[in-house]
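This report concerns only the one structure given below.
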Amino acid sequence: MSEALLTDLRDAIVNLDESRARELASEGVGQGVDPLDMIQHGIRAALDLVGERFSAGTVFLPELMLAAKAADAAVAALEPELLKRGTRGKTLGKVLLATVEGDLHDIGKNILALLMRSAGFEIVDIGVDKTSEMILDAAKKNAVDLIGLSALLTTTMPRMREFIELLEESGLRDRFKVIVGGAPVTQEFADSIGADGYGADGAAGVAVARRSLGT
């Protein structure tokens, strides 16, 4: 049953059917399907497939945005269950999340924020298309422990390097841990820019955050 539901959820997002994606996510919760499985094998699998088609030129930006909207609807349906299963009690740390300048994609960041909240982190999400200066100002203002940067475009990945350089120039590199992620980002890239960690997906991002903060 769950395999069929995961396939249907993936197909609903690939077919840009927002209402069906939301409905299937809710059905999965009612059937006891693990919401993390729905995120990984339904939602993320769909976005990976749409992303591949976008790169190949067989779908275009409007379809990419509609797929993201359908994925958002599914994630929203899963959020109450994820938070209900989450850790209660003392926070594991305060985390700022942002998508870097020039990049308007937020589904991966939003999934990470949800999973981090569920795990017990306090989240400050400042949104998309944020300059290095905006990110640093928000990190200082909110006194966060860790900064998570997202990029979905190869053209915006250099903004991550620029942010870490800004930290170094400001004498604040030791104050904040920085983790990075997004479809084109790799461990090798994270290492090359001096990031403290890299998460290939939301679940990995939570694990990296915990390791980075020693929680």
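Residue numbering restarts at 1 for every chain of the structure tokens, chains are lettered A, B, ... in their displayed order, and ligands are numbered from 1 as they appear.
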
For Val180 (chain A), work out the shell of residues within 8 Å, counting only C-alpha atoms and skipping chain neighbours fewer than 5 positions away, then give it as a ChimeraX atom specification. /A:148-150,160,185,190,195,197-199

Atoms kept (N, CA and C atoms) for selection, written as a PDB file, in the first residue's frame:
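The new file again01.pdb reads:
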ATOM      1  N   GLY A 148      22.508  27.709   7.881  1.00  0.00           N
ATOM      2  CA  GLY A 148      22.335  26.765   6.789  1.00  0.00           C
ATOM      3  C   GLY A 148      22.017  27.495   5.503  1.00  0.00           C
ATOM      4  N   LEU A 149      22.836  27.303   4.476  1.00  0.00           N
ATOM      5  CA  LEU A 149      22.670  27.990   3.198  1.00  0.00           C
ATOM      6  C   LEU A 149      22.234  27.005   2.116  1.00  0.00           C
ATOM      7  N   SER A 150      21.249  27.418   1.317  1.00  0.00           N
ATOM      8  CA  SER A 150      20.730  26.573   0.244  1.00  0.00           C
ATOM      9  C   SER A 150      20.922  27.245  -1.104  1.00  0.00           C
ATOM     10  N   MET A 160      27.763  31.079  -1.682  1.00  0.00           N
ATOM     11  CA  MET A 160      28.105  30.388  -0.437  1.00  0.00           C
ATOM     12  C   MET A 160      29.565  30.649  -0.058  1.00  0.00           C
ATOM     13  N   VAL A 185      24.930  21.106  -5.024  1.00  0.00           N
ATOM     14  CA  VAL A 185      26.010  21.193  -4.034  1.00  0.00           C
ATOM     15  C   VAL A 185      26.521  19.793  -3.699  1.00  0.00           C
ATOM     16  N   ALA A 190      31.528  21.769  -0.655  1.00  0.00           N
ATOM     17  CA  ALA A 190      31.469  22.242   0.732  1.00  0.00           C
ATOM     18  C   ALA A 190      32.865  22.304   1.342  1.00  0.00           C
ATOM     19  N   ALA A 195      33.141  25.125   4.371  1.00  0.00           N
ATOM     20  CA  ALA A 195      31.916  24.947   5.157  1.00  0.00           C
ATOM     21  C   ALA A 195      32.152  23.915   6.256  1.00  0.00           C
ATOM     22  N   GLY A 197      29.855  21.750   7.178  1.00  0.00           N
ATOM     23  CA  GLY A 197      29.123  20.526   6.900  1.00  0.00           C
ATOM     24  C   GLY A 197      28.321  20.635   5.624  1.00  0.00           C
ATOM     25  N   TYR A 198      27.871  19.464   5.130  1.00  0.00           N
ATOM     26  CA  TYR A 198      27.082  19.379   3.901  1.00  0.00           C
ATOM     27  C   TYR A 198      26.002  18.331   4.101  1.00  0.00           C
ATOM     28  N   GLY A 199      24.776  18.668   3.693  1.00  0.00           N
ATOM     29  CA  GLY A 199      23.684  17.712   3.759  1.00  0.00           C
ATOM     30  C   GLY A 199      23.110  17.456   2.384  1.00  0.00           C
TER      31      GLY A 199
END

Could you please write out, as a PyMOL selection string, every residue of chain A that DSSP assigns to strand (DSSP E)? chain A and resi 94-99+122-125+146-150+177-181+197-199

CA of Pro35 (chain A) to CA of Ala77 (chain A), straight-line distance in Å: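 Atom-to-atom, CA of Ala77 (chain A) and CA of Pro35 (chain A) are spaced 9.7 Å apart.
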
Taking the backbone alone, and naming residues the way the document does, which bits of region 26-173 of chain A are alpha helix (DSSP H) by DSSP, as number ranges by chain? A: 26-31, 35-37, 44-56, 61-85, 107-119, 132-142, 158-169

Would you save the residues from that selection as a short mmCIF file (atom, residue, chain, number, x, y, z; two decimals), in the first residue's frame, using C-alpha atoms?
data_model
loop_
_atom_site.label_atom_id
_atom_site.label_comp_id
_atom_site.auth_asym_id
_atom_site.auth_seq_id
_atom_site.Cartn_x
_atom_site.Cartn_y
_atom_site.Cartn_z
CA SER A 26 -2.89 13.40 4.04
CA GLU A 27 -3.94 9.88 3.06
CA GLY A 28 -0.45 8.65 3.83
CA VAL A 29 -0.57 10.13 7.32
CA GLY A 30 -3.95 8.47 7.88
CA GLN A 31 -2.54 5.12 6.75
CA PRO A 35 6.18 11.12 6.67
CA LEU A 36 9.95 10.96 6.19
CA ASP A 37 9.43 8.22 3.60
CA ARG A 44 12.02 14.58 -3.22
CA ALA A 45 11.96 11.84 -5.87
CA ALA A 46 9.43 13.91 -7.83
CA LEU A 47 11.45 17.10 -7.56
CA ASP A 48 14.61 15.27 -8.62
CA LEU A 49 12.81 13.95 -11.69
CA VAL A 50 11.37 17.35 -12.61
CA GLY A 51 14.81 18.88 -12.06
CA GLU A 52 16.37 16.37 -14.43
CA ARG A 53 13.75 17.17 -17.08
CA PHE A 54 14.35 20.88 -16.58
CA SER A 55 18.09 20.38 -17.08
CA ALA A 56 17.38 18.34 -20.21
CA LEU A 61 10.52 27.21 -15.53
CA PRO A 62 6.70 27.47 -15.19
CA GLU A 63 6.45 23.70 -14.79
CA LEU A 64 9.35 23.71 -12.32
CA MET A 65 7.59 26.30 -10.19
CA LEU A 66 4.26 24.45 -10.32
CA ALA A 67 5.98 21.23 -9.25
CA ALA A 68 7.52 23.09 -6.32
CA LYS A 69 4.08 24.44 -5.41
CA ALA A 70 2.62 20.92 -5.44
CA ALA A 71 5.51 19.72 -3.29
CA ASP A 72 4.91 22.58 -0.85
CA ALA A 73 1.28 21.51 -0.54
CA ALA A 74 2.30 17.95 0.27
CA VAL A 75 4.85 19.09 2.84
CA ALA A 76 2.25 21.32 4.49
CA ALA A 77 -0.03 18.30 4.87
CA LEU A 78 2.78 16.36 6.55
CA GLU A 79 3.89 19.13 8.90
CA PRO A 80 1.49 18.46 11.82
CA GLU A 81 2.47 14.78 11.94
CA LEU A 82 6.18 15.53 11.74
CA LEU A 83 5.97 18.08 14.52
CA LYS A 84 3.88 15.72 16.63
CA ARG A 85 6.61 13.10 16.34
CA ILE A 107 11.32 23.74 -1.17
CA GLY A 108 14.53 22.08 0.04
CA LYS A 109 15.09 24.78 2.65
CA ASN A 110 11.49 24.48 3.81
CA ILE A 111 11.76 20.71 4.20
CA LEU A 112 14.99 21.11 6.16
CA ALA A 113 13.35 23.73 8.41
CA LEU A 114 10.46 21.37 9.13
CA LEU A 115 12.72 18.42 9.89
CA MET A 116 14.97 20.55 12.10
CA ARG A 117 12.00 21.86 14.09
CA SER A 118 10.80 18.28 14.49
CA ALA A 119 14.25 17.25 15.76
CA SER A 132 25.68 37.60 2.30
CA GLU A 133 25.32 40.83 4.26
CA MET A 134 21.63 40.17 4.94
CA ILE A 135 22.39 36.65 6.14
CA LEU A 136 25.17 37.80 8.44
CA ASP A 137 23.08 40.65 9.86
CA ALA A 138 20.23 38.23 10.62
CA ALA A 139 22.63 35.72 12.20
CA LYS A 140 24.04 38.36 14.52
CA LYS A 141 20.64 39.87 15.33
CA ASN A 142 19.15 36.50 16.22
CA PRO A 158 29.52 30.93 -5.45
CA ARG A 159 27.42 33.04 -3.08
CA MET A 160 28.11 30.39 -0.44
CA ARG A 161 31.85 30.86 -0.81
CA GLU A 162 31.37 34.64 -0.65
CA PHE A 163 29.43 34.33 2.60
CA ILE A 164 32.17 32.34 4.29
CA GLU A 165 34.72 34.88 3.03
CA LEU A 166 32.58 37.64 4.57
CA LEU A 167 32.60 35.80 7.88
CA GLU A 168 36.38 35.58 7.75
CA GLU A 169 36.79 39.24 6.79
#

What separates CA of Asp125 (chain A) and CA of Val178 (chain A) is a distance of 14.5 Å
